[in-house]
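What follows is the content of run_37.tsv (TSV, C-alpha atoms and all ligand atoms).
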```tsv
chain	number	residue	atom	x	y	z
A	123	GLY	CA	50.33	114.19	23.64
A	124	LEU	CA	48.35	116.59	21.49
A	125	GLY	CA	44.99	115.25	22.73
A	126	LEU	CA	43.41	114.55	19.32
A	127	ASP	CA	41.49	111.67	20.86
A	128	ASP	CA	37.75	112.37	20.78
A	129	PRO	CA	36.38	110.08	18.02
A	130	GLY	CA	33.20	112.19	17.91
A	131	ARG	CA	34.81	115.25	16.40
A	132	THR	CA	37.02	116.25	13.51
A	133	TYR	CA	40.57	117.42	14.12
A	134	ARG	CA	42.86	119.36	11.82
A	135	LEU	CA	46.52	118.52	12.19
A	136	GLY	CA	49.22	120.66	10.58
A	137	ILE	CA	52.51	119.10	9.54
A	138	MET	CA	55.57	121.25	9.08
A	139	GLY	CA	58.40	119.41	7.36
A	140	GLY	CA	61.91	120.73	7.01
A	141	THR	CA	65.56	120.27	7.78
A	142	PHE	CA	65.34	122.65	10.74
A	143	ASP	CA	69.10	123.19	10.80
A	144	PRO	CA	68.33	125.00	13.08
A	145	ILE	CA	64.63	125.75	13.68
A	146	HIS	CA	64.02	129.54	13.84
A	147	ILE	CA	61.22	132.02	14.49
A	148	GLY	CA	60.29	132.04	10.77
A	149	HIS	CA	59.21	128.38	11.09
A	150	LEU	CA	57.46	128.95	14.40
A	151	ALA	CA	55.54	132.10	13.42
A	152	CYS	CA	54.55	130.42	10.16
A	153	ALA	CA	53.12	127.39	11.99
A	154	GLU	CA	51.34	129.58	14.53
A	155	GLN	CA	49.74	131.85	11.95
A	156	VAL	CA	48.63	128.91	9.81
A	157	ARG	CA	47.27	127.18	12.90
A	158	GLU	CA	45.18	130.25	13.62
A	159	ALA	CA	44.07	130.91	10.03
A	160	TYR	CA	42.97	127.31	9.40
A	161	SER	CA	41.75	126.51	12.92
A	162	LEU	CA	44.27	123.70	13.19
A	163	ASP	CA	44.15	121.84	16.49
A	164	ALA	CA	47.88	121.21	16.48
A	165	VAL	CA	51.01	121.41	14.37
A	166	ILE	CA	53.80	118.82	14.38
A	167	PHE	CA	57.31	119.71	13.29
A	168	VAL	CA	58.94	116.79	11.50
A	169	PRO	CA	62.69	117.20	11.00
A	170	ALA	CA	63.98	115.29	7.97
A	171	GLY	CA	66.35	112.41	8.58
A	172	ASN	CA	68.24	112.60	5.28
A	173	PRO	CA	66.83	115.44	3.19
A	174	VAL	CA	67.11	114.35	-0.47
A	175	PHE	CA	67.33	117.93	-1.74
A	176	LYS	CA	70.30	118.67	0.53
A	177	ARG	CA	72.48	115.67	-0.32
A	178	ASP	CA	75.33	117.92	-1.45
A	179	GLN	CA	75.33	119.87	1.82
A	180	ARG	CA	76.59	119.15	5.28
A	181	VAL	CA	73.57	118.70	7.56
A	182	THR	CA	73.78	118.74	11.37
A	183	ASP	CA	73.19	115.47	13.21
A	184	ALA	CA	69.52	114.52	13.23
A	185	ALA	CA	69.54	114.10	17.02
A	186	ASP	CA	70.62	117.74	17.45
A	187	ARG	CA	68.06	119.07	14.96
A	188	LEU	CA	65.32	117.09	16.69
A	189	ALA	CA	66.44	118.24	20.15
A	190	MET	CA	66.29	121.87	18.97
A	191	CYS	CA	62.78	121.36	17.56
A	192	ARG	CA	61.70	119.91	20.90
A	193	LEU	CA	63.13	122.90	22.79
A	194	ALA	CA	61.47	125.32	20.37
A	195	VAL	CA	57.94	123.86	20.62
A	196	ARG	CA	57.93	123.33	24.37
A	197	SER	CA	56.15	126.58	25.25
A	198	ASN	CA	53.23	126.00	22.85
A	199	PRO	CA	50.73	123.29	23.88
A	200	ALA	CA	49.47	123.07	20.27
A	201	PHE	CA	52.95	122.29	18.91
A	202	ASP	CA	54.91	119.06	18.98
A	203	ALA	CA	58.05	117.66	17.37
A	204	SER	CA	58.15	114.19	15.84
A	205	ALA	CA	61.04	111.80	15.30
A	206	ILE	CA	59.27	109.72	12.64
A	207	GLU	CA	61.45	110.76	9.71
A	208	ILE	CA	64.63	110.44	11.72
A	209	GLU	CA	63.70	107.04	13.14
A	210	ARG	CA	62.68	105.69	9.73
A	211	GLY	CA	66.22	106.21	8.45
A	212	GLY	CA	67.23	106.17	4.81
A	213	ASP	CA	66.30	109.00	2.47
A	214	THR	CA	63.43	111.16	3.61
A	215	TYR	CA	60.34	111.27	1.43
A	216	THR	CA	57.28	113.24	2.49
A	217	VAL	CA	54.93	110.63	1.05
A	218	ASP	CA	56.27	108.01	3.51
A	219	THR	CA	55.81	110.41	6.42
A	220	LEU	CA	52.25	111.24	5.45
A	221	ARG	CA	51.41	107.53	5.03
A	222	GLN	CA	52.82	106.85	8.48
A	223	LEU	CA	50.85	109.71	10.06
A	224	ARG	CA	47.70	108.66	8.17
A	225	ALA	CA	48.06	105.13	9.56
A	226	HIS	CA	48.69	106.44	13.05
A	227	TYR	CA	45.76	108.85	13.34
A	228	PRO	CA	42.11	107.86	12.86
A	229	GLU	CA	40.08	109.18	9.92
A	230	ASN	CA	38.61	112.06	11.95
A	231	VAL	CA	42.07	113.68	11.95
A	232	GLU	CA	42.61	115.67	8.72
A	233	LEU	CA	46.19	116.31	7.62
A	234	TYR	CA	47.43	119.71	6.38
A	235	PHE	CA	50.93	119.90	5.01
A	236	ILE	CA	52.42	123.37	5.47
A	237	THR	CA	55.15	124.63	3.21
A	238	GLY	CA	56.83	127.93	2.39
A	239	ALA	CA	56.67	129.68	-0.99
A	240	ASP	CA	60.11	128.29	-1.94
A	241	ALA	CA	59.01	124.68	-1.57
A	242	VAL	CA	55.33	124.65	-2.50
A	243	PHE	CA	55.75	124.68	-6.29
A	244	SER	CA	58.36	121.94	-6.32
A	245	ILE	CA	55.97	119.53	-4.62
A	246	VAL	CA	54.75	118.26	-8.02
A	247	LYS	CA	58.29	116.91	-8.48
A	248	TRP	CA	58.34	115.08	-5.17
A	249	ARG	CA	58.19	111.30	-5.10
A	250	GLU	CA	54.59	110.06	-5.49
A	251	SER	CA	53.18	113.56	-5.47
A	252	SER	CA	49.70	112.37	-6.44
A	253	ALA	CA	49.71	110.10	-3.40
A	254	ILE	CA	50.73	113.09	-1.27
A	255	ALA	CA	47.76	114.99	-2.74
A	256	LYS	CA	45.37	112.29	-1.53
A	257	LEU	CA	46.87	112.12	1.94
A	258	ALA	CA	46.95	115.80	2.87
A	259	LYS	CA	45.74	119.25	1.97
A	260	LEU	CA	48.52	121.64	1.10
A	261	ILE	CA	48.97	125.11	2.56
A	262	GLY	CA	51.48	127.41	0.87
A	263	VAL	CA	52.67	130.39	2.89
A	264	THR	CA	54.35	133.59	1.78
A	265	ARG	CA	58.09	133.93	2.34
A	266	PRO	CA	60.23	136.97	1.61
A	267	GLY	CA	62.27	136.47	-1.56
A	268	TYR	CA	59.99	133.82	-3.07
A	269	ALA	CA	56.99	134.88	-5.14
A	270	LEU	CA	53.63	133.14	-4.90
A	271	SER	CA	52.73	134.37	-8.39
A	272	GLU	CA	49.34	133.78	-10.00
A	273	GLU	CA	51.15	132.06	-12.88
A	274	LYS	CA	52.77	129.54	-10.56
A	275	LYS	CA	49.53	128.97	-8.69
A	276	ARG	CA	47.77	128.25	-11.98
A	277	PHE	CA	50.57	125.89	-12.99
A	278	LEU	CA	50.24	123.93	-9.74
A	279	ALA	CA	46.45	123.80	-10.08
A	280	GLU	CA	46.74	122.44	-13.65
A	281	GLN	CA	49.65	120.06	-13.09
A	282	SER	CA	48.37	118.30	-10.04
A	283	ASP	CA	45.38	117.12	-8.09
A	284	PHE	CA	46.49	118.96	-4.97
A	285	SER	CA	43.99	120.70	-2.81
A	286	VAL	CA	46.11	123.76	-2.16
A	287	SER	CA	45.42	127.04	-0.49
A	288	TYR	CA	47.68	130.00	0.03
A	289	THR	CA	48.02	132.24	3.00
A	290	GLU	CA	49.88	135.42	3.73
A	291	ILE	CA	51.90	135.44	6.92
A	292	THR	CA	54.10	138.04	8.59
A	293	ALA	CA	57.17	138.49	6.41
A	294	LEU	CA	60.24	137.26	8.25
A	295	ALA	CA	63.32	137.22	6.04
A	296	ILE	CA	64.95	134.55	8.18
A	297	SER	CA	66.52	131.28	7.09
A	298	SER	CA	68.47	128.50	8.76
A	299	SER	CA	71.25	129.19	6.23
A	300	ASP	CA	71.49	132.73	7.55
A	301	LEU	CA	71.56	131.57	11.18
A	302	ARG	CA	74.35	129.09	10.39
A	303	ALA	CA	76.34	131.77	8.56
A	304	ARG	CA	75.90	134.18	11.47
A	305	VAL	CA	77.20	131.68	14.01
A	306	ARG	CA	80.12	130.78	11.75
A	307	ALA	CA	80.98	134.50	11.52
A	308	GLY	CA	80.82	134.85	15.30
A	309	LYS	CA	77.59	136.86	15.17
A	310	SER	CA	74.59	136.56	17.48
A	311	ILE	CA	71.45	134.59	16.59
A	312	ARG	CA	69.68	135.60	19.80
A	313	TYR	CA	65.98	136.44	19.13
A	314	LEU	CA	66.13	134.79	15.70
A	315	THR	CA	65.28	131.53	17.42
A	316	MET	CA	63.89	130.49	20.80
A	317	GLN	CA	66.11	130.99	23.84
A	318	GLY	CA	66.39	127.24	24.45
A	319	VAL	CA	67.70	126.71	20.91
A	320	PHE	CA	70.10	129.62	21.27
A	321	ASP	CA	71.49	128.07	24.47
A	322	TYR	CA	71.68	124.60	22.87
A	323	VAL	CA	73.67	125.92	19.89
A	324	ASN	CA	76.10	127.67	22.25
A	325	GLU	CA	76.48	124.74	24.64
A	326	ARG	CA	77.11	122.25	21.83
A	327	GLY	CA	79.21	124.62	19.80
A	328	LEU	CA	77.07	123.93	16.72
A	329	TYR	CA	77.67	125.78	13.45
A	330	GLY	CA	81.18	126.86	14.37
A	331	GLU	CA	84.16	126.34	12.11
A	401	LIG	P1	67.76	126.47	4.83
A	401	LIG	O1	68.24	127.87	4.65
A	401	LIG	O2	68.77	125.56	5.46
A	401	LIG	O3	67.13	125.88	3.59
A	401	LIG	P2	65.15	127.20	5.84
A	401	LIG	O4	65.12	128.43	6.68
A	401	LIG	O5	64.70	127.33	4.42
A	401	LIG	O6	66.60	126.56	5.94
A	401	LIG	P3	63.91	124.65	6.00
A	401	LIG	O7	64.11	123.67	7.10
A	401	LIG	O8	64.58	124.43	4.69
A	401	LIG	O9	64.32	126.10	6.59
A	401	LIG	O10	62.36	124.90	5.73
A	401	LIG	C1	61.31	124.20	6.29
A	401	LIG	C2	59.99	124.83	5.81
A	401	LIG	O11	59.81	126.11	6.42
A	401	LIG	C3	59.91	125.05	4.29
A	401	LIG	O12	58.58	124.77	3.88
A	401	LIG	C4	60.21	126.52	4.17
A	401	LIG	O13	59.64	127.09	3.01
A	401	LIG	C5	59.56	127.10	5.43
A	401	LIG	N1	60.18	128.34	5.90
A	401	LIG	C6	61.44	128.47	6.39
A	401	LIG	N2	61.68	129.74	6.74
A	401	LIG	C7	60.56	130.44	6.48
A	401	LIG	C8	60.21	131.84	6.61
A	401	LIG	N3	61.07	132.74	7.08
A	401	LIG	N4	58.95	132.21	6.24
A	401	LIG	C9	58.09	131.28	5.73
A	401	LIG	N5	58.36	129.96	5.59
A	401	LIG	C10	59.58	129.55	5.94
A	402	MG	MG	65.07	125.80	3.01
```

Let me see the file written as structure tokens.
Amino acid sequence: GLGLDDPGRTYRLGIMGGTFDPIHIGHLACAEQVREAYSLDAVIFVPAGNPVFKRDQRVTDAADRLAMCRLAVRSNPAFDASAIEIERGGDTYTVDTLRQLRAHYPENVELYFITGADAVFSIVKWRESSAIAKLAKLIGVTRPGYALSEEKKRFLAEQSDFSVSYTEITALAISSSDLRARVRAGKSIRYLTMQGVFDYVNERGLYGE
């Protein structure tokens, strides 16, 4: 476990949601740099069971996406992967996940939901976004190709009761879409993800034709 079990102190737990189809070094470096910047004690990666925003796309089996997250976090004692969204079944809503985590951890564990610049401003449109705002603090990170403009920041501040902060991380123009396209085209994804994930994709023949 992550060892967040001393009731006498406060813990900060980061939550990184996503499809992770597959997880890549952009996700991992993001979580690590946010962990450092916000003194988080741990970060959990929570692969979505049935991502509602990707209904029109083919998504890899949840068991494979979870297995790859587990392989990717293994070398970092502050990282973990959780099956809660996958085990819950049905459509995946962040508010349900945060409620479940809130019920699981005692009050001395504070929740920080980490999201990239492409997702952070759409959070006001997510189901029960004001409930999300009460359950977790939001951290928006920079991502190449998606602007964290002052105008959008002001919009989010005015439209919602989110406690949100923004942080600049190393720019890695990497996406799961690009990794999938590379594999499909017969190109290498070595070094764009962890070795264990690279091996898993090859062994299972994921993302081929
Ligand atoms: P896809 O191309 O399939 O949408 P993705 O690379 O965007 O995949 P997701 O699983 O959709 O990965 O994203 C999970 C979270 O990680 C989102 O909050 C997203 O903004 C963030 N994220 C993904 N890649 C990066 C990156 N290179 N830099 C910063 N944040 C990222
Ligand atoms: Mg994405």

Env. residues ligand LIG 401 (chain A) / 8 Å / all atoms listed in the file / as a ChimeraX atom specification:
/A:138-149,151-152,169,236-242,263-266,291-300

Separation of CA of Gln179 (chain A) and CA of Ser252 (chain A), in Å?
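Computing it gives 28.0 Å between the two atoms.
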
Rounded to one decimal in Å, what is the spacing between CA of Gln155 (chain A) and CA of Pro199 (chain A)?
14.7 Å

Spatial neighbours of Phe243 (chain A), 9 Å, all atoms listed in the file, chain gap at least 3 places, as a list in words
Ala239, Asp240, Val246, Lys247, Gly262, Leu270, Lys274, Lys275, Phe277 and Leu278 of chain A

Using CA of Ala170 (chain A) and CA of Thr132 (chain A) as the two end points, give the distance in Å to one decimal.
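Calculated distance between CA of Ala170 (chain A) and CA of Thr132 (chain A) is 27.5 Å.
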
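Among the candidate residues A:Phe235, A:Ser310, A:Ala153, A:Val181, the one lying nearest to ligand MG 402 (chain A) is A:Val181, with distances computed using only C-alpha atoms and all ligand atoms.
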
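Among the candidate residues A:Glu273, A:Asp202, A:Tyr268, A:Arg304, the one lying nearest to ligand MG 402 (chain A) is A:Tyr268, with distances computed using all atoms listed in the file.
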
Neighbours of Ser204 (chain A) within 7 Å (all atoms listed in the file; same-chain residues fewer than 6 positions away dropped), as a ChimeraX atom specification?
/A:166-168

Which residue, A:Glu232, A:Arg326, A:Glu290, A:Lys176, has the smallest gap to ligand MG 402 (chain A) when you use all atoms listed in the file?
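Among the listed residues, A:Lys176 lies closest to ligand MG 402 (chain A).
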
Counting all atoms listed in the file, the residue of A:Glu229, A:Thr219, A:Ile208, A:Leu301 that sits nearest ligand MG 402 (chain A):
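That would be A:Leu301, the residue with the smallest distance to ligand MG 402 (chain A).
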
Would you please work out which residue, of A:Thr214, A:Arg221, A:Pro173, A:Leu328, is nearest to ligand MG 402 (chain A) when using all atoms listed in the file?
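Among the listed residues, the smallest separation from ligand MG 402 (chain A) belongs to A:Pro173.
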
Name the residues in contact with Asp283 (chain A) at a cut-off of 12 Å, using only C-alpha atoms, excluding same-chain residues fewer than 4 positions from it; report them as a list in words.
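The contact residues come out as Ile245, Val246, Glu250, Ser251, Ser252, Ala253, Ile254, Ala255, Lys256, Leu257, Ala258, Lys259, Leu260, Phe277, Leu278 and Ala279 of chain A.
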
A:Ala189, A:Ala194, A:Met316, A:Ile206: which is nearest Asn172 (chain A), counting only C-alpha atoms?
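Comparing A:Ala189, A:Ala194, A:Met316, A:Ile206 against Asn172 (chain A), the winner is A:Ile206.
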
Since the input has fewer atoms than a full residue there, write region 316-329 of chain A out with N, CA and C atoms, as a PDB file, in the frame of the given file.
```pdb
ATOM      1  N   MET A 316      64.313 130.501  19.392  1.00  0.00           N
ATOM      2  CA  MET A 316      63.890 130.490  20.800  1.00  0.00           C
ATOM      3  C   MET A 316      65.128 130.414  21.700  1.00  0.00           C
ATOM      4  N   GLN A 317      64.982 130.935  22.911  1.00  0.00           N
ATOM      5  CA  GLN A 317      66.110 130.990  23.840  1.00  0.00           C
ATOM      6  C   GLN A 317      66.733 129.602  24.069  1.00  0.00           C
ATOM      7  N   GLY A 318      65.881 128.584  24.201  1.00  0.00           N
ATOM      8  CA  GLY A 318      66.390 127.240  24.450  1.00  0.00           C
ATOM      9  C   GLY A 318      67.269 126.738  23.306  1.00  0.00           C
ATOM     10  N   VAL A 319      66.915 127.109  22.084  1.00  0.00           N
ATOM     11  CA  VAL A 319      67.700 126.710  20.910  1.00  0.00           C
ATOM     12  C   VAL A 319      69.011 127.498  20.880  1.00  0.00           C
ATOM     13  N   PHE A 320      68.911 128.768  21.185  1.00  0.00           N
ATOM     14  CA  PHE A 320      70.100 129.620  21.270  1.00  0.00           C
ATOM     15  C   PHE A 320      71.111 129.024  22.257  1.00  0.00           C
ATOM     16  N   ASP A 321      70.613 128.654  23.437  1.00  0.00           N
ATOM     17  CA  ASP A 321      71.490 128.070  24.470  1.00  0.00           C
ATOM     18  C   ASP A 321      72.075 126.739  23.993  1.00  0.00           C
ATOM     19  N   TYR A 322      71.240 125.919  23.347  1.00  0.00           N
ATOM     20  CA  TYR A 322      71.680 124.600  22.870  1.00  0.00           C
ATOM     21  C   TYR A 322      72.829 124.754  21.852  1.00  0.00           C
ATOM     22  N   VAL A 323      72.640 125.684  20.915  1.00  0.00           N
ATOM     23  CA  VAL A 323      73.670 125.920  19.890  1.00  0.00           C
ATOM     24  C   VAL A 323      74.985 126.341  20.555  1.00  0.00           C
ATOM     25  N   ASN A 324      74.883 127.209  21.547  1.00  0.00           N
ATOM     26  CA  ASN A 324      76.100 127.670  22.250  1.00  0.00           C
ATOM     27  C   ASN A 324      76.750 126.547  23.041  1.00  0.00           C
ATOM     28  N   GLU A 325      75.930 125.806  23.796  1.00  0.00           N
ATOM     29  CA  GLU A 325      76.480 124.740  24.640  1.00  0.00           C
ATOM     30  C   GLU A 325      77.158 123.660  23.810  1.00  0.00           C
ATOM     31  N   ARG A 326      76.541 123.311  22.671  1.00  0.00           N
ATOM     32  CA  ARG A 326      77.110 122.250  21.830  1.00  0.00           C
ATOM     33  C   ARG A 326      78.145 122.749  20.854  1.00  0.00           C
ATOM     34  N   GLY A 327      78.264 124.052  20.765  1.00  0.00           N
ATOM     35  CA  GLY A 327      79.210 124.620  19.800  1.00  0.00           C
ATOM     36  C   GLY A 327      78.823 124.291  18.357  1.00  0.00           C
ATOM     37  N   LEU A 328      77.512 124.235  18.089  1.00  0.00           N
ATOM     38  CA  LEU A 328      77.070 123.930  16.720  1.00  0.00           C
ATOM     39  C   LEU A 328      77.350 125.116  15.787  1.00  0.00           C
ATOM     40  N   TYR A 329      77.525 124.803  14.528  1.00  0.00           N
ATOM     41  CA  TYR A 329      77.670 125.780  13.450  1.00  0.00           C
ATOM     42  C   TYR A 329      78.953 126.616  13.520  1.00  0.00           C
TER      43      TYR A 329
END
```
